[in-house]
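> Have a look at this one before I ask anything.
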Amino acid sequence: MHVSHPSLFHRSPRPVARPAASGSPSVWTFVALACLAGTPAGAQGPATRPATGRVVPPAPVTTTGARRTLAAAMASGPIVVDGVLDEPAWRAAAVATDFVQGEPRTGEPATEQTDVRVLRDATTLYIGAYLHDREPAGIIVNDIKKDFNESEQDDFEVLLDTFHDRQNGYLFITNVLGARADRQVANEGKEVNASWDAVWTVKTSRVADGWIVEMAIPFSSLRYDFATSRDWGLNFARRIRRKNETTFWSPVPRAFTFARVSVAGDLTGIGEEGAARDLRVKPYVAARTVRPLGGTQYNQTADVGGDLKWGITKGLTLDATVNPDFAQVEADEQQVNLTQFSLFLPEKREFFLENSGIFYVGDAARNTRVTASLTPDEDLLLFYSRRIGLTASGLPIPIDGGLRLTGNVAGLRVGALSMNTQRAGTEGANNFSVLRLRQALWPGSDVGILVQSRQGLDSVGSWNRVFGADLNIRFPGNIDWSSYLMGTRTPGKSGGQYAFRSSIIHEDNLHTGQTFFLENGGYFELSINPKMQRIDAAYTIDPAIAAIPAGSYAWTEFQLIGATDASRPVSISATVIGGGLWSGTQRTQQFAVAFRPSYHFSASLGVTHTEAILDNPKANFEATLWTARTNYSFTTNMFFDALAQYDPKAHTLNANLRFNLIHHPLSDLFIVLNEQRYTVPGVASAGRGVTVKFTQMVQL
């Protein structure tokens, strides 16, 4: 067992340890839900206005076959984004209504009415929503920070499939206080990039019978190609948290999330005249003072650099970076890892974010309604950008610069990247390059190739190449067939230099047991997970014990997960895992309590304790990890976050404190404090670093 510490470096699966079969999904799952008594806390939002000036719905939208269609009306005058739909153009626009439940009663009409309208002018798409609620005092809002967790409160969501390819899109989410969350969806939710950010505006207001949303999304923030289609995919979703109700304009089957782009409706009436091409630069200045763990003095440094983003066409984006600095990136949590595989940690560095799903290979859905175990595709990530710019121990490597081209050309999705890193310690300078092409065949289906290269700049004999192809086919009845064949070449290595996979998956609510959901969101889940893995050479899961011998291993895990209603001021969650592990047994307990007295403040405390006994080698070991998080959101543009983790076995304490002010769209001031210390006196002086970074995005 080993504890994975916060790091931007993601190690590939050990080359000598390859699985013959990964852990399968649960053989059966029984879910019995439980909740705490009491009433969820509502929001203290803006003052309620009487429902005067309510827009009168015109004729409903049209339905083409089984797919709903809404026309975007041309705005007859200026639209002021203020959360009040009082411009005449809103009254003339077609209305999207008659939402349908996805949860809890799939297919039934929504219990509250939602009316949505869409306008446009030459540069901007406007979305206005009137969210009726007969009990407005029960509206729940728990968070106002950027990229908030929408599942724990009332919210309104918009999905735009701008290439109309039924696979990829953008999500824009807000709550009753106008907090913003935006995401990029690829491959029908297999990749949901929550770190992606766009320039857009939203204002909200409360009224006597609900709340109103008014959004403005500049066309320059989106990528689209009228040569492929002049229509866009469109869907809306609304969550009423006190009822645990999720509703959709275009119905989404219970087995899928809102990111299921292929079931979206259509948006017509989008015009290309006057839409501005996206060209922006984002310079930064940063200063830091750092004392390493065990060091005696602080070292001061300063940096300048910047990024450029250029929409070469409406479908292709060029990103360039010079001397990038990622010191402000949110810290990763340490985790206990009992597997032979590296942990997957999401990419948060801005340069790598837009259209990151283009580079994805495999069929593992990462965005499911019910959390599932990792699949082989998530363990084998052929391209993982967090390998670039860090050493094997997770220390940063200076990056000279890089270029990245991503987007869509007439149905062909293109991803290309090249980046140079400097020499750092024993790590030589390298060039990293990637080319990814994906050709759409029909909705849900594509064929692609991937070529990757690492070339040492100090030694021509230091290199690695990866190349291959993949095919993804969707058949009627939500049956997906996905295959890939990849090869790799490295000097001095031979044998096992390939990976192949072919799988057929039926995407539906299929379980070999029973699943029950309580309508307020609390639950218990009991699962039995048989696992089988093969390793071709011995490997070590903890430095303190001998290596596990090569061979095939089979065991069964029993898992119990429970959680109370996360929308309430106090909630708890727990996980208990028991059963086999390699040649022995394991017991793992995880417990966490969350405290959220208002939408400004939240805190959580959790502990993970793992014990394992192995027969071969003979070894007993355990690990405990405490984790504390807190957040204070001053406004929807100013936040303070803190993360602290304590390992009592290693006697180490790690802390990350982060202040973020969004002073203009995509422009930030960061103040970050990192500290690492031993809790045993006299071992070493604490390591400490303070970074101040200022960025300013300039739209050209």
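Quick note on naming: the chains in the structure tokens go A, B, ... in the order shown, residues restart at 1 in each chain, and ligands are numbered from 1 in order of appearance.
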Fewer than 4 positions away in the same chain doesn't count, so skip those; otherwise give me all residues within 7 Å of Val192 of chain A, counting only C-alpha atoms, as an MDAnalysis selection string.

chainID A and resid 183:186 367

> Please provide as a list in words all residues within 7 Å of Val329 of chain A, with the sequence filter that same-chain residues fewer than 3 positions apart are discarded (counting only C-alpha atoms).

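Once the nearby chain positions are removed, what remains is Phe326, Lys348 and Arg349 of chain A.
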
> Emit the selected residues as a tab-separated table (two decimals), in the first residue's frame, including all heavy atoms.


chain	number	residue	atom	x	y	z
A	326	PHE	N	2.15	27.52	-13.28
A	326	PHE	CA	0.95	26.85	-12.80
A	326	PHE	C	0.91	26.81	-11.28
A	326	PHE	O	0.28	25.94	-10.69
A	326	PHE	CB	0.89	25.42	-13.35
A	326	PHE	CG	0.98	25.36	-14.85
A	326	PHE	CD1	2.04	24.71	-15.47
A	326	PHE	CD2	0.01	25.94	-15.65
A	326	PHE	CE1	2.11	24.64	-16.86
A	326	PHE	CE2	0.08	25.88	-17.03
A	326	PHE	CZ	1.13	25.23	-17.64
A	348	LYS	N	-5.81	20.51	-14.51
A	348	LYS	CA	-6.38	21.80	-14.12
A	348	LYS	C	-5.62	22.97	-14.72
A	348	LYS	O	-5.98	24.12	-14.49
A	348	LYS	CB	-6.38	21.93	-12.58
A	348	LYS	CG	-7.17	20.83	-11.88
A	348	LYS	CD	-7.03	20.92	-10.37
A	348	LYS	CE	-7.75	19.79	-9.67
A	348	LYS	NZ	-7.58	19.83	-8.20
A	349	ARG	N	-4.58	22.70	-15.50
A	349	ARG	CA	-3.77	23.77	-16.07
A	349	ARG	C	-4.44	24.29	-17.34
A	349	ARG	O	-4.78	23.54	-18.25
A	349	ARG	CB	-2.36	23.26	-16.36
A	349	ARG	CG	-1.63	22.81	-15.10
A	349	ARG	CD	-0.27	22.20	-15.40
A	349	ARG	NE	-0.38	20.94	-16.11
A	349	ARG	CZ	0.67	20.24	-16.56
A	349	ARG	NH1	1.89	20.71	-16.38
A	349	ARG	NH2	0.49	19.10	-17.18

> Mind pulling up the distance from atom CA of Ser552 of chain A to atom CA of Ser483 of chain A?

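Going from atom CA of Ser483 of chain A over to atom CA of Ser552 of chain A covers 24.8 Å.
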
> Among segment 228-383 of chain A, which residues carry a DSSP assignment of strand (DSSP E or B), reported as number ranges by chain?

A: 232-240, 245-248, 265-268, 279-291, 299-311, 316-322, 335-337

> Which of these residues is nearest to Tyr553 of chain A, using only C-alpha atoms: A:Ala71, A:Ile535, A:Ala623, A:Val414?

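Using only C-alpha atoms, the shortest distance to Tyr553 of chain A belongs to A:Ile535.
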
> Considering only C-alpha atoms, state which residue in the set A:Leu395, A:Ile545, A:Ser385, A:Asp446 is at the smallest distance from Phe432 of chain A.

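Comparing A:Leu395, A:Ile545, A:Ser385, A:Asp446 against Phe432 of chain A, the winner is A:Ser385.
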
> Choose the residue, out of A:Val460, A:Ile139, A:Val576, A:Ala110, that has the smallest atom-to-atom separation from Arg241 of chain A; count only C-alpha atoms.

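Smallest distance to Arg241 of chain A is found for A:Ile139.
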
> Can you tell me which residues surround Ser453 of chain A at a distance of at most 10 Å, considering only C-alpha atoms, apart from same-chain residues fewer than 3 positions away, and format the answer as a CSV table (one decimal) with all heavy atoms, in the first residue's frame?


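Dumped to around.csv:
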chain,number,residue,atom,x,y,z
A,418,SER,N,2.6,20.5,-29.2
A,418,SER,CA,4.0,20.4,-29.1
A,418,SER,C,4.5,21.3,-28.0
A,418,SER,O,4.1,22.5,-27.9
A,418,SER,CB,4.7,20.7,-30.4
A,418,SER,OG,6.1,20.5,-30.3
A,430,ASN,N,13.2,17.9,-22.9
A,430,ASN,CA,12.4,17.1,-23.8
A,430,ASN,C,11.4,17.9,-24.6
A,430,ASN,O,11.0,19.0,-24.3
A,430,ASN,CB,11.5,16.1,-23.0
A,430,ASN,CG,12.4,14.9,-22.4
A,430,ASN,OD1,12.8,14.0,-23.1
A,430,ASN,ND2,12.6,15.0,-21.1
A,431,ASN,N,11.1,17.3,-25.8
A,431,ASN,CA,10.0,17.8,-26.6
A,431,ASN,C,8.9,16.8,-26.5
A,431,ASN,O,9.1,15.6,-26.8
A,431,ASN,CB,10.3,18.0,-28.0
A,431,ASN,CG,9.1,18.3,-28.9
A,431,ASN,OD1,8.6,17.4,-29.5
A,431,ASN,ND2,8.7,19.5,-29.0
A,432,PHE,N,7.6,17.2,-26.2
A,432,PHE,CA,6.5,16.3,-26.2
A,432,PHE,C,5.6,16.8,-27.3
A,432,PHE,O,5.2,17.9,-27.4
A,432,PHE,CB,5.7,16.4,-24.9
A,432,PHE,CG,6.5,15.9,-23.7
A,432,PHE,CD1,7.3,16.8,-23.0
A,432,PHE,CD2,6.4,14.6,-23.3
A,432,PHE,CE1,8.0,16.4,-21.9
A,432,PHE,CE2,7.1,14.2,-22.2
A,432,PHE,CZ,7.9,15.0,-21.5
A,433,SER,N,5.2,15.8,-28.2
A,433,SER,CA,4.3,16.1,-29.3
A,433,SER,C,3.2,15.1,-29.4
A,433,SER,O,3.4,13.9,-29.1
A,433,SER,CB,5.1,16.2,-30.6
A,433,SER,OG,6.0,17.2,-30.6
A,434,VAL,N,2.0,15.5,-29.8
A,434,VAL,CA,0.9,14.6,-30.0
A,434,VAL,C,0.1,15.0,-31.2
A,434,VAL,O,-0.1,16.2,-31.4
A,434,VAL,CB,-0.1,14.7,-28.7
A,434,VAL,CG1,-1.2,13.7,-28.8
A,434,VAL,CG2,0.7,14.5,-27.4
A,435,LEU,N,-0.4,14.0,-31.9
A,435,LEU,CA,-1.4,14.3,-33.0
A,435,LEU,C,-2.5,13.3,-32.9
A,435,LEU,O,-2.3,12.1,-32.8
A,435,LEU,CB,-0.7,14.1,-34.4
A,435,LEU,CG,-1.7,14.2,-35.6
A,435,LEU,CD1,-2.2,15.6,-35.7
A,435,LEU,CD2,-1.0,13.7,-36.9
A,456,GLY,N,14.1,13.4,-26.5
A,456,GLY,CA,15.1,14.0,-25.6
A,456,GLY,C,15.8,15.1,-26.4
A,456,GLY,O,16.3,14.8,-27.6
A,463,TRP,N,14.1,8.6,-26.3
A,463,TRP,CA,12.9,8.9,-26.9
A,463,TRP,C,11.8,7.8,-26.7
A,463,TRP,O,12.1,6.7,-26.2
A,463,TRP,CB,13.1,9.1,-28.5
A,463,TRP,CG,13.7,7.9,-29.1
A,463,TRP,CD1,15.1,7.8,-29.4
A,463,TRP,CD2,13.1,6.7,-29.7
A,463,TRP,NE1,15.3,6.6,-30.0
A,463,TRP,CE2,14.1,5.9,-30.2
A,463,TRP,CE3,11.8,6.3,-29.8
A,463,TRP,CZ2,13.9,4.7,-30.8
A,463,TRP,CZ3,11.5,5.1,-30.4
A,463,TRP,CH2,12.5,4.3,-30.9
A,464,ASN,N,10.6,8.1,-27.0
A,464,ASN,CA,9.5,7.2,-26.9
A,464,ASN,C,8.5,7.6,-28.0
A,464,ASN,O,8.2,8.7,-28.2
A,464,ASN,CB,8.9,7.2,-25.5
A,464,ASN,CG,7.6,6.3,-25.5
A,464,ASN,OD1,6.5,6.9,-25.5
A,464,ASN,ND2,7.7,5.0,-25.4
A,465,ARG,N,7.9,6.6,-28.6
A,465,ARG,CA,6.8,6.8,-29.6
A,465,ARG,C,5.6,5.9,-29.3
A,465,ARG,O,5.8,4.8,-28.8
A,465,ARG,CB,7.3,6.5,-31.0
A,465,ARG,CG,8.6,7.1,-31.4
A,465,ARG,CD,8.5,8.6,-31.7
A,465,ARG,NE,9.7,9.1,-32.3
A,465,ARG,CZ,10.6,9.7,-31.6
A,465,ARG,NH1,10.5,10.0,-30.3
A,465,ARG,NH2,11.8,10.2,-32.2
A,466,VAL,N,4.4,6.5,-29.4
A,466,VAL,CA,3.2,5.7,-29.3
A,466,VAL,C,2.3,6.0,-30.5
A,466,VAL,O,2.2,7.1,-31.0
A,466,VAL,CB,2.4,6.1,-28.0
A,466,VAL,CG1,1.1,5.4,-27.9
A,466,VAL,CG2,3.2,5.8,-26.8
A,467,PHE,N,1.7,4.9,-31.1
A,467,PHE,CA,0.9,5.1,-32.3
A,467,PHE,C,-0.2,4.1,-32.4
A,467,PHE,O,0.0,3.0,-31.8
A,467,PHE,CB,1.8,5.0,-33.5
A,467,PHE,CG,2.7,3.8,-33.5
A,467,PHE,CD1,2.3,2.6,-33.9
A,467,PHE,CD2,4.0,4.0,-33.0
A,467,PHE,CE1,3.2,1.5,-33.9
A,467,PHE,CE2,4.9,2.9,-32.9
A,467,PHE,CZ,4.5,1.6,-33.3
A,488,THR,N,3.9,0.9,-29.0
A,488,THR,CA,4.9,1.8,-28.4
A,488,THR,C,6.3,1.3,-28.7
A,488,THR,O,6.5,0.1,-28.9
A,488,THR,CB,4.7,2.0,-26.9
A,488,THR,OG1,5.6,3.0,-26.4
A,488,THR,CG2,4.9,0.7,-26.2
A,489,ARG,N,7.2,2.3,-28.9
A,489,ARG,CA,8.6,1.9,-29.1
A,489,ARG,C,9.5,2.8,-28.2
A,489,ARG,O,9.3,4.0,-28.1
A,489,ARG,CB,9.0,2.2,-30.6
A,489,ARG,CG,8.3,1.3,-31.6
A,489,ARG,CD,8.7,-0.2,-31.4
A,489,ARG,NE,8.0,-1.0,-32.4
A,489,ARG,CZ,6.9,-1.7,-32.1
A,489,ARG,NH1,6.3,-1.5,-31.0
A,489,ARG,NH2,6.4,-2.5,-33.0

> DSSP on the backbone, alpha helix (DSSP H) only: what residues of segment 303-493 of chain A does that give? Format it as a PyMOL selection string.

chain A and resi 376-379

> Counting only C-alpha atoms, what is within 9 Å of segment 194-210 of chain A, bar same-chain residues fewer than 6 positions away, as a PyMOL selection string?

chain A and resi 45-52+81-84+130-137+139+147+172+174-185+216-218+220-222+346-350+353-355+665-666
